[in-house]
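Just structure_26.txt here, compact mmCIF, C-alpha atoms and all ligand atoms:
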# COMPACT_ATOMS: atom_id res chain seq x y z
CA MET A 1 -14.10 -2.93 9.47
CA ARG A 2 -11.29 -5.37 10.24
CA ILE A 3 -8.11 -4.63 8.30
CA GLY A 4 -5.24 -7.08 7.93
CA ILE A 5 -1.60 -6.27 7.20
CA ILE A 6 0.81 -8.86 5.84
CA GLN A 7 4.56 -8.43 6.21
CA SER A 8 5.98 -11.01 3.81
CA GLU A 9 9.19 -11.96 2.08
CA PRO A 10 8.39 -12.24 -1.66
CA ALA A 11 10.36 -14.88 -3.58
CA HIS A 12 12.72 -12.95 -5.86
CA LEU A 13 11.51 -13.17 -9.49
CA ASP A 14 9.27 -16.14 -8.58
CA PRO A 15 5.57 -15.15 -8.21
CA LYS A 16 4.45 -18.77 -7.87
CA LEU A 17 6.65 -19.30 -4.84
CA SER A 18 5.54 -15.93 -3.47
CA CYS A 19 1.94 -17.19 -3.62
CA THR A 20 2.90 -20.35 -1.73
CA ARG A 21 4.52 -18.20 0.97
CA LEU A 22 1.54 -15.82 1.16
CA ALA A 23 -1.17 -18.50 1.47
CA PRO A 24 -0.72 -19.24 5.21
CA GLN A 25 -0.38 -15.53 6.01
CA ILE A 26 -3.67 -14.74 4.24
CA GLU A 27 -5.33 -17.64 6.06
CA ALA A 28 -4.04 -16.34 9.39
CA CYS A 29 -5.59 -12.92 8.66
CA VAL A 30 -8.90 -14.55 7.70
CA ALA A 31 -8.86 -16.56 10.94
CA GLU A 32 -8.69 -13.23 12.82
CA GLY A 33 -11.70 -11.87 10.92
CA ALA A 34 -9.95 -9.68 8.33
CA GLU A 35 -12.32 -8.17 5.76
CA ILE A 36 -9.58 -6.52 3.72
CA VAL A 37 -5.88 -7.44 3.70
CA VAL A 38 -3.01 -5.15 2.65
CA LEU A 39 0.10 -6.71 1.07
CA PRO A 40 3.50 -5.14 0.28
CA GLU A 41 4.66 -3.41 -2.92
CA LEU A 42 5.61 -5.82 -5.75
CA ALA A 43 4.46 -8.66 -3.50
CA GLY A 44 4.63 -11.36 -6.19
CA SER A 45 7.78 -10.56 -8.16
CA GLY A 46 10.09 -9.04 -5.59
CA TYR A 47 11.74 -5.65 -6.03
CA LEU A 48 14.93 -5.82 -8.15
CA PHE A 49 14.88 -6.81 -11.82
CA PRO A 50 17.97 -7.70 -13.90
CA ASN A 51 16.66 -5.72 -16.89
CA LEU A 52 13.58 -4.42 -18.66
CA GLU A 53 12.95 -7.77 -20.36
CA ALA A 54 12.84 -9.61 -17.04
CA LEU A 55 10.42 -7.04 -15.62
CA SER A 56 8.26 -7.21 -18.76
CA GLY A 57 8.10 -11.00 -18.42
CA LEU A 58 6.75 -10.72 -14.87
CA ALA A 59 4.45 -7.74 -15.35
CA GLU A 60 0.69 -8.34 -15.51
CA PRO A 61 -2.27 -6.42 -16.95
CA ALA A 62 -4.54 -4.65 -14.44
CA ASP A 63 -7.49 -6.84 -15.45
CA GLY A 64 -6.44 -9.64 -13.09
CA SER A 65 -5.68 -12.20 -15.81
CA GLY A 66 -2.00 -12.67 -14.85
CA LEU A 67 -0.69 -15.37 -12.52
CA PHE A 68 -0.27 -13.31 -9.35
CA LEU A 69 -3.40 -11.14 -9.39
CA ASN A 70 -5.51 -14.07 -10.52
CA TRP A 71 -4.24 -16.17 -7.61
CA LEU A 72 -5.09 -13.35 -5.19
CA ILE A 73 -8.60 -12.98 -6.66
CA GLN A 74 -9.14 -16.71 -6.04
CA ARG A 75 -8.18 -16.12 -2.38
CA CYS A 76 -10.73 -13.25 -2.24
CA LYS A 77 -13.40 -15.62 -3.56
CA GLU A 78 -12.40 -18.43 -1.23
CA HIS A 79 -12.49 -16.25 1.90
CA ASP A 80 -14.99 -13.51 0.88
CA ILE A 81 -12.44 -10.76 1.52
CA ALA A 82 -10.76 -7.91 -0.36
CA ILE A 83 -7.01 -7.72 -0.94
CA VAL A 84 -4.85 -4.71 -1.82
CA SER A 85 -1.52 -5.79 -3.28
CA GLY A 86 1.41 -4.29 -5.06
CA TYR A 87 2.35 -5.83 -8.42
CA ALA A 88 4.22 -4.98 -11.61
CA GLU A 89 1.69 -3.73 -14.18
CA VAL A 90 1.99 -3.71 -17.96
CA SER A 91 -0.43 -1.58 -19.94
CA GLN A 92 0.02 -1.43 -23.72
CA GLY A 93 3.75 -2.01 -23.31
CA THR A 94 4.18 0.57 -20.52
CA LEU A 95 5.36 -0.67 -17.12
CA PHE A 96 3.99 0.74 -13.86
CA ASN A 97 4.71 -0.05 -10.22
CA SER A 98 1.07 -0.55 -9.22
CA ALA A 99 -1.28 -1.88 -6.58
CA ALA A 100 -4.65 -3.49 -7.25
CA PHE A 101 -7.83 -3.53 -5.14
CA LEU A 102 -9.20 -7.05 -5.53
CA THR A 103 -12.51 -8.52 -4.36
CA PRO A 104 -14.40 -11.79 -4.96
CA LYS A 105 -15.78 -10.10 -8.10
CA GLY A 106 -12.29 -9.42 -9.50
CA VAL A 107 -10.29 -6.21 -9.88
CA ARG A 108 -12.22 -3.25 -8.41
CA GLY A 109 -9.49 -0.62 -8.60
CA ASN A 110 -5.89 0.13 -9.47
CA TYR A 111 -3.26 2.66 -8.36
CA ARG A 112 -0.02 3.49 -10.17
CA LYS A 113 2.85 4.69 -7.94
CA LEU A 114 3.31 8.41 -8.52
CA HIS A 115 6.76 8.84 -6.94
CA LEU A 116 9.32 6.32 -8.15
CA PHE A 117 12.28 5.58 -5.85
CA ASP A 118 15.90 5.53 -6.99
CA THR A 119 16.55 3.02 -9.82
CA GLU A 120 12.84 2.26 -10.22
CA LYS A 121 13.03 5.27 -12.55
CA GLU A 122 15.12 3.19 -14.97
CA LEU A 123 12.39 0.56 -15.37
CA PHE A 124 8.95 1.94 -14.54
CA GLN A 125 6.99 4.92 -15.76
CA PRO A 126 5.59 7.19 -13.03
CA GLY A 127 1.87 6.82 -12.35
CA ASP A 128 -0.54 8.77 -14.52
CA ALA A 129 -3.87 8.20 -12.82
CA GLY A 130 -3.91 10.33 -9.65
CA VAL A 131 -4.98 9.08 -6.22
CA PRO A 132 -8.41 7.42 -6.54
CA VAL A 133 -10.67 6.63 -3.58
CA PHE A 134 -12.23 3.17 -3.35
CA GLU A 135 -14.93 1.78 -1.06
CA TRP A 136 -15.22 -1.55 0.72
CA ARG A 137 -17.96 -2.43 3.19
CA GLY A 138 -18.67 1.17 4.15
CA ALA A 139 -15.06 2.35 4.49
CA LYS A 140 -13.36 4.57 1.92
CA PHE A 141 -9.65 4.24 1.22
CA SER A 142 -6.86 5.24 -1.11
CA ILE A 143 -3.73 3.30 -2.00
CA LEU A 144 -0.21 4.72 -1.84
CA ILE A 145 2.98 2.82 -2.61
CA CYS A 146 6.13 2.99 -0.51
CA PHE A 147 8.16 6.16 -1.35
CA ASP A 148 4.89 8.03 -2.01
CA TRP A 149 4.99 8.44 1.79
CA SER A 150 7.53 11.28 1.39
CA PHE A 151 5.03 13.55 -0.38
CA PRO A 152 2.42 15.19 1.90
CA GLU A 153 0.47 16.26 -1.19
CA VAL A 154 -0.81 12.75 -1.97
CA TRP A 155 -1.93 12.11 1.61
CA ARG A 156 -3.85 15.40 1.59
CA MET A 157 -5.35 14.56 -1.81
CA ALA A 158 -6.58 11.21 -0.46
CA ALA A 159 -8.02 12.79 2.70
CA LEU A 160 -9.72 15.64 0.84
CA ALA A 161 -11.26 13.13 -1.57
CA GLY A 162 -12.82 11.31 1.39
CA ALA A 163 -10.43 8.46 2.17
CA ASP A 164 -10.87 7.14 5.73
CA PHE A 165 -7.61 5.25 5.54
CA VAL A 166 -4.65 4.62 3.26
CA ALA A 167 -3.50 1.14 2.30
CA HIS A 168 0.26 1.71 2.06
CA CYS A 169 1.87 -1.13 0.07
CA SER A 170 5.59 -0.88 0.73
CA ASN A 171 9.14 -2.08 0.22
CA LEU A 172 10.56 0.54 2.59
CA VAL A 173 14.31 1.02 2.86
CA LEU A 174 14.87 4.48 4.38
CA PRO A 175 15.14 4.07 8.16
CA TRP A 176 12.96 7.09 8.99
CA ALA A 177 10.00 6.11 6.78
CA GLN A 178 7.83 4.50 9.45
CA THR A 179 8.20 7.59 11.65
CA GLY A 180 7.33 9.92 8.77
CA VAL A 181 4.13 8.07 7.94
CA LYS A 182 2.68 8.76 11.41
CA GLY A 183 2.66 12.49 10.71
CA HIS A 184 0.50 11.99 7.63
CA ALA A 185 -2.08 10.08 9.68
CA LEU A 186 -2.16 12.84 12.28
CA CYS A 187 -2.22 15.82 9.89
CA ASN A 188 -5.14 14.32 7.96
CA HIS A 189 -6.95 12.33 10.67
CA ILE A 190 -6.89 9.15 8.60
CA GLY A 191 -5.87 5.58 9.37
CA VAL A 192 -2.71 4.24 7.76
CA PHE A 193 -2.02 0.55 7.25
CA THR A 194 1.55 0.06 6.04
CA ALA A 195 2.40 -3.44 4.77
CA ASN A 196 6.16 -3.57 4.38
CA ARG A 197 8.35 -6.49 3.34
CA ILE A 198 11.45 -8.00 4.89
CA GLY A 199 14.64 -9.51 3.52
CA THR A 200 17.52 -8.53 1.25
CA GLU A 201 17.64 -8.72 -2.55
CA SER A 202 20.74 -8.54 -4.76
CA GLN A 203 20.97 -7.86 -8.46
CA GLY A 204 24.38 -7.22 -10.02
CA ASP A 205 26.12 -4.57 -7.89
CA THR A 206 22.89 -3.52 -6.20
CA GLN A 207 21.81 -4.84 -2.82
CA VAL A 208 18.70 -3.65 -1.00
CA THR A 209 17.61 -4.50 2.54
CA PHE A 210 13.98 -3.90 3.42
CA THR A 211 13.05 -2.68 6.88
CA GLY A 212 9.90 -4.59 7.91
CA GLY A 213 8.29 -2.62 10.73
CA SER A 214 4.81 -2.77 9.17
CA GLN A 215 2.39 -0.70 11.19
CA ALA A 216 -1.26 0.15 11.86
CA ILE A 217 -1.97 3.76 12.80
CA THR A 218 -5.27 5.30 13.91
CA PRO A 219 -6.59 8.71 12.71
CA THR A 220 -5.19 10.19 15.94
CA ALA A 221 -1.79 8.59 15.27
CA ASP A 222 -1.99 5.87 17.91
CA LEU A 223 0.32 3.07 16.87
CA LEU A 224 -1.77 -0.11 17.16
CA ALA A 225 1.10 -2.36 16.10
CA SER A 226 4.64 -2.19 14.88
CA ALA A 227 5.95 -5.40 13.31
CA PRO A 228 9.46 -6.79 13.80
CA ARG A 229 12.14 -5.57 11.39
CA ALA A 230 13.23 -8.91 9.95
CA GLU A 231 10.52 -11.53 10.46
CA ILE A 232 7.39 -12.31 8.50
CA TRP A 233 4.34 -11.16 10.44
CA GLN A 234 0.65 -10.44 10.05
CA GLY A 235 -1.89 -8.58 12.14
CA VAL A 236 -5.59 -7.67 11.99
CA PHE A 237 -7.00 -4.43 13.43
CA GLU A 238 -10.43 -2.95 14.03
CA PHE A 239 -10.88 0.34 12.19
CA GLU A 240 -13.77 2.74 12.76
CA PRO A 241 -14.27 5.00 9.68
CA SER A 242 -16.27 7.62 11.65
CA LEU A 243 -13.11 8.53 13.63
CA ALA A 244 -11.45 9.56 10.37
CA ARG A 245 -14.45 11.64 9.30
CA ASN A 246 -14.11 14.01 12.26
CA LYS A 247 -11.50 16.61 11.25
CA GLN A 248 -12.13 18.87 14.25
CA VAL A 249 -8.97 19.35 16.36
CA THR A 250 -10.28 21.90 18.91
CA GLY A 251 -13.54 23.84 19.15
CA HIS A 252 -11.89 26.41 16.90
CA ASN A 253 -9.79 24.25 14.58
CA HIS A 254 -10.80 22.06 11.66
CA LEU A 255 -8.03 20.38 9.64
CA PHE A 256 -9.57 21.18 6.29
CA GLU A 257 -11.46 24.42 6.92
CA ASP A 258 -8.47 26.10 8.58
CA ARG A 259 -6.27 25.67 5.54
CA ARG A 260 -4.96 29.03 4.28
CA ARG A 261 -5.72 28.44 0.66
CA ASP A 262 -5.11 32.14 -0.01
CA MET A 263 -1.47 31.47 0.94
CA TYR A 264 -0.89 28.09 -0.75
CA SER A 265 -2.59 25.98 -3.35
CA LEU A 266 -3.40 22.67 -1.62
C1 LIG B 1 10.45 2.32 -2.32
O1 LIG B 1 9.71 3.19 -2.76
N1 LIG B 1 10.30 1.06 -2.68
C2 LIG B 1 11.49 2.63 -1.34
Write out the structure in this file as structure tokens.
Ligand code: ACM
Amino acid sequence: MRIGIIQSEPAHLDPKLSCTRLAPQIEACVAEGAEIVVLPELAGSGYLFPNLEALSGLAEPADGSGLFLNWLIQRCKEHDIAIVSGYAEVSQGTLFNSAAFLTPKGVRGNYRKLHLFDTEKELFQPGDAGVPVFEWRGAKFSILICFDWSFPEVWRMAALAGADFVAHCSNLVLPWAQTGVKGHALCNHIGVFTANRIGTESQGDTQVTFTGGSQAITPTADLLASAPRAEIWQGVFEFEPSLARNKQVTGHNHLFEDRRRDMYSL
């Protein structure tokens, strides 16, 4: 399985321009044989919204009928690939910070960010649909979004449910995030493909700078690539699902079977 990561700079509040910027990056991943491509969190709209009305105007239903997801589905059809991308979701008037799993056949899955970061709590509702596992060309994966990285519980949930890797759609800002993610790969023996964005956004008194540094990590926590902090970038990596399915650490230690579930609940 060849997995692509795109580190982009979304056009603030302008999904059409974001698509124009993403097109050559997707094509570059396809040229390197990518079968699935991971994009950042909120990759069409950008991250900061002036108010709830502005966010509502940019949010899309999870069925793929909105401008951004529909454009990505067309790219899946054109290149016979899958794409995992963050987007702003509206569902019966409720707004979620979500990521969709898209294929040439349309939307195959959706994840709603469980752990909202900072002022996201003023606009979005926290996810209500757990951590599903999806499958693409023989590999199983879950999706997590940005600040979800801080919660070991969701990584363990994904691994226990059979995920071989996590597609981590991000707009990371905390400087220690990329380091923290490596531990989750190692403690669960899963691959992690973090697609982070670059750039700075301002809205009123708020200014946020995103840290780039997208990375591909193997189930034994080898860092296959670490992107620059402030430049757009893309990379494609070979991933072998069977490596993630071996949870044996020594002859006497298995990551799942050695859990002391009599002492804690996960
Ligand atoms: C974040 O969760 N976007 C930091």
Subject >> Nearest-residue call for Pro50 (chain A), choices A:Gln74, A:Ser18, A:Gln203, A:Ser150, using only C-alpha atoms >> reply: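 Of the candidates, the smallest distance to Pro50 (chain A) is held by A:Gln203.
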Subject >> Shell around Tyr111 (chain A) at 8 Å using all atoms listed in the file, local window under 6 positions removed, as a PyMOL selection string >> reply: chain A and resi 98-100+127+129-132+143-144
Okay, now the selection with C-alpha atoms, as an mmCIF file, in the frame of the given file?
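As a result, out.cif now contains:
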data_model
loop_
_atom_site.group_PDB
_atom_site.id
_atom_site.type_symbol
_atom_site.label_atom_id
_atom_site.label_comp_id
_atom_site.auth_asym_id
_atom_site.auth_seq_id
_atom_site.Cartn_x
_atom_site.Cartn_y
_atom_site.Cartn_z
ATOM 1 C CA SER A 98 1.070 -0.550 -9.220
ATOM 2 C CA ALA A 99 -1.280 -1.880 -6.580
ATOM 3 C CA ALA A 100 -4.650 -3.490 -7.250
ATOM 4 C CA GLY A 127 1.870 6.820 -12.350
ATOM 5 C CA ALA A 129 -3.870 8.200 -12.820
ATOM 6 C CA GLY A 130 -3.910 10.330 -9.650
ATOM 7 C CA VAL A 131 -4.980 9.080 -6.220
ATOM 8 C CA PRO A 132 -8.410 7.420 -6.540
ATOM 9 C CA ILE A 143 -3.730 3.300 -2.000
ATOM 10 C CA LEU A 144 -0.210 4.720 -1.840
#
Subject >> Site check for ligand LIG 1 (chain B): residues at most 10 Å away, all atoms listed in the file, as a VMD selection string >> reply: chain A and resid 40 to 42 47 to 48 97 113 115 to 120 145 to 150 169 to 174 177 196 to 197 208 210 to 211
**OP:** Skip His12 (chain A) itself and residues of its chain fewer than 3 positions away, then list as an NGL selection string all residues within 10 Å of it, counting all atoms listed in the file.
**Re:** :A and (9 or 15 or 17-18 or 43-49 or 200-202)
Subject >> Non-local contacts of Pro219 (chain A) (7 Å; all atoms listed in the file; under 6 positions in same chain excluded) as a ChimeraX atom specification >> reply: /A:185-186,189-191,243-244
Keeping only C-alpha atoms, write those residues as an mmCIF file, keeping the file's coordinate frame.
data_model
loop_
_atom_site.group_PDB
_atom_site.id
_atom_site.type_symbol
_atom_site.label_atom_id
_atom_site.label_comp_id
_atom_site.auth_asym_id
_atom_site.auth_seq_id
_atom_site.Cartn_x
_atom_site.Cartn_y
_atom_site.Cartn_z
ATOM 1 C CA ALA A 185 -2.080 10.080 9.680
ATOM 2 C CA LEU A 186 -2.160 12.840 12.280
ATOM 3 C CA HIS A 189 -6.950 12.330 10.670
ATOM 4 C CA ILE A 190 -6.890 9.150 8.600
ATOM 5 C CA GLY A 191 -5.870 5.580 9.370
ATOM 6 C CA LEU A 243 -13.110 8.530 13.630
ATOM 7 C CA ALA A 244 -11.450 9.560 10.370
#
Subject >> Shortest interatomic distance to Asp63 (chain A) - which of A:Glu89, A:Glu78, A:Glu238, A:Glu35, counting only C-alpha atoms >> reply: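 Checking each candidate against Asp63 (chain A), we get A:Glu89 as the closest.
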Original post:
Do you know which residues are at most 8 Å from Val84 (chain A) counting all atoms listed in the file, after dropping those on the same chain fewer than 5 positions away, and could you put them as a list in words?
Top reply: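 With the cut-off at 8 Å, the set is Ile36, Val37, Val38, Leu39, Ala99, Ala100, Phe101, Leu102, Ala167 and Cys169 of chain A.
Across the structure, CA of Gly4 (chain A) and CA of Leu95 (chain A) are spaced 27.9 Å apart.
Nearest-residue note for Glu231 (chain A): choosing from A:Ala54, A:Ile6, A:Ala28, A:Ala62, the minimum distance belongs to A:Ile6, counting all atoms listed in the file.
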Original post:
Which polymer residues have any atom within 7 Å of an atom of Val236 (chain A), counting only C-alpha atoms, with same-chain residues fewer than 5 positions away left out, as a PyMOL selection string?
Top reply: chain A and resi 2-5+29+32+34
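Closest approach to Gln92 (chain A) from the set A:Ala59, A:Trp155, A:Ala161, A:Arg108 is made by A:Ala59, with distances taken over all atoms listed in the file.
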Original post:
Separation of CA of Lys16 (chain A) and CA of Thr194 (chain A), in Å?
Top reply: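 CA of Thr194 (chain A) lies at a distance of 23.6 Å from CA of Lys16 (chain A).
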Subject >> Expected residue set, 10 Å radius at (-2.8, 1.8, 14.6), all atoms listed in the file, as an MDAnalysis selection string >> reply: chainID A and resid 182 185 191:194 215:226 237:239
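With distances restricted to only C-alpha atoms, A:Ile198 is the closest residue to Ala227 (chain A) from A:Ile198, A:Leu255, A:Ala11, A:Leu22.
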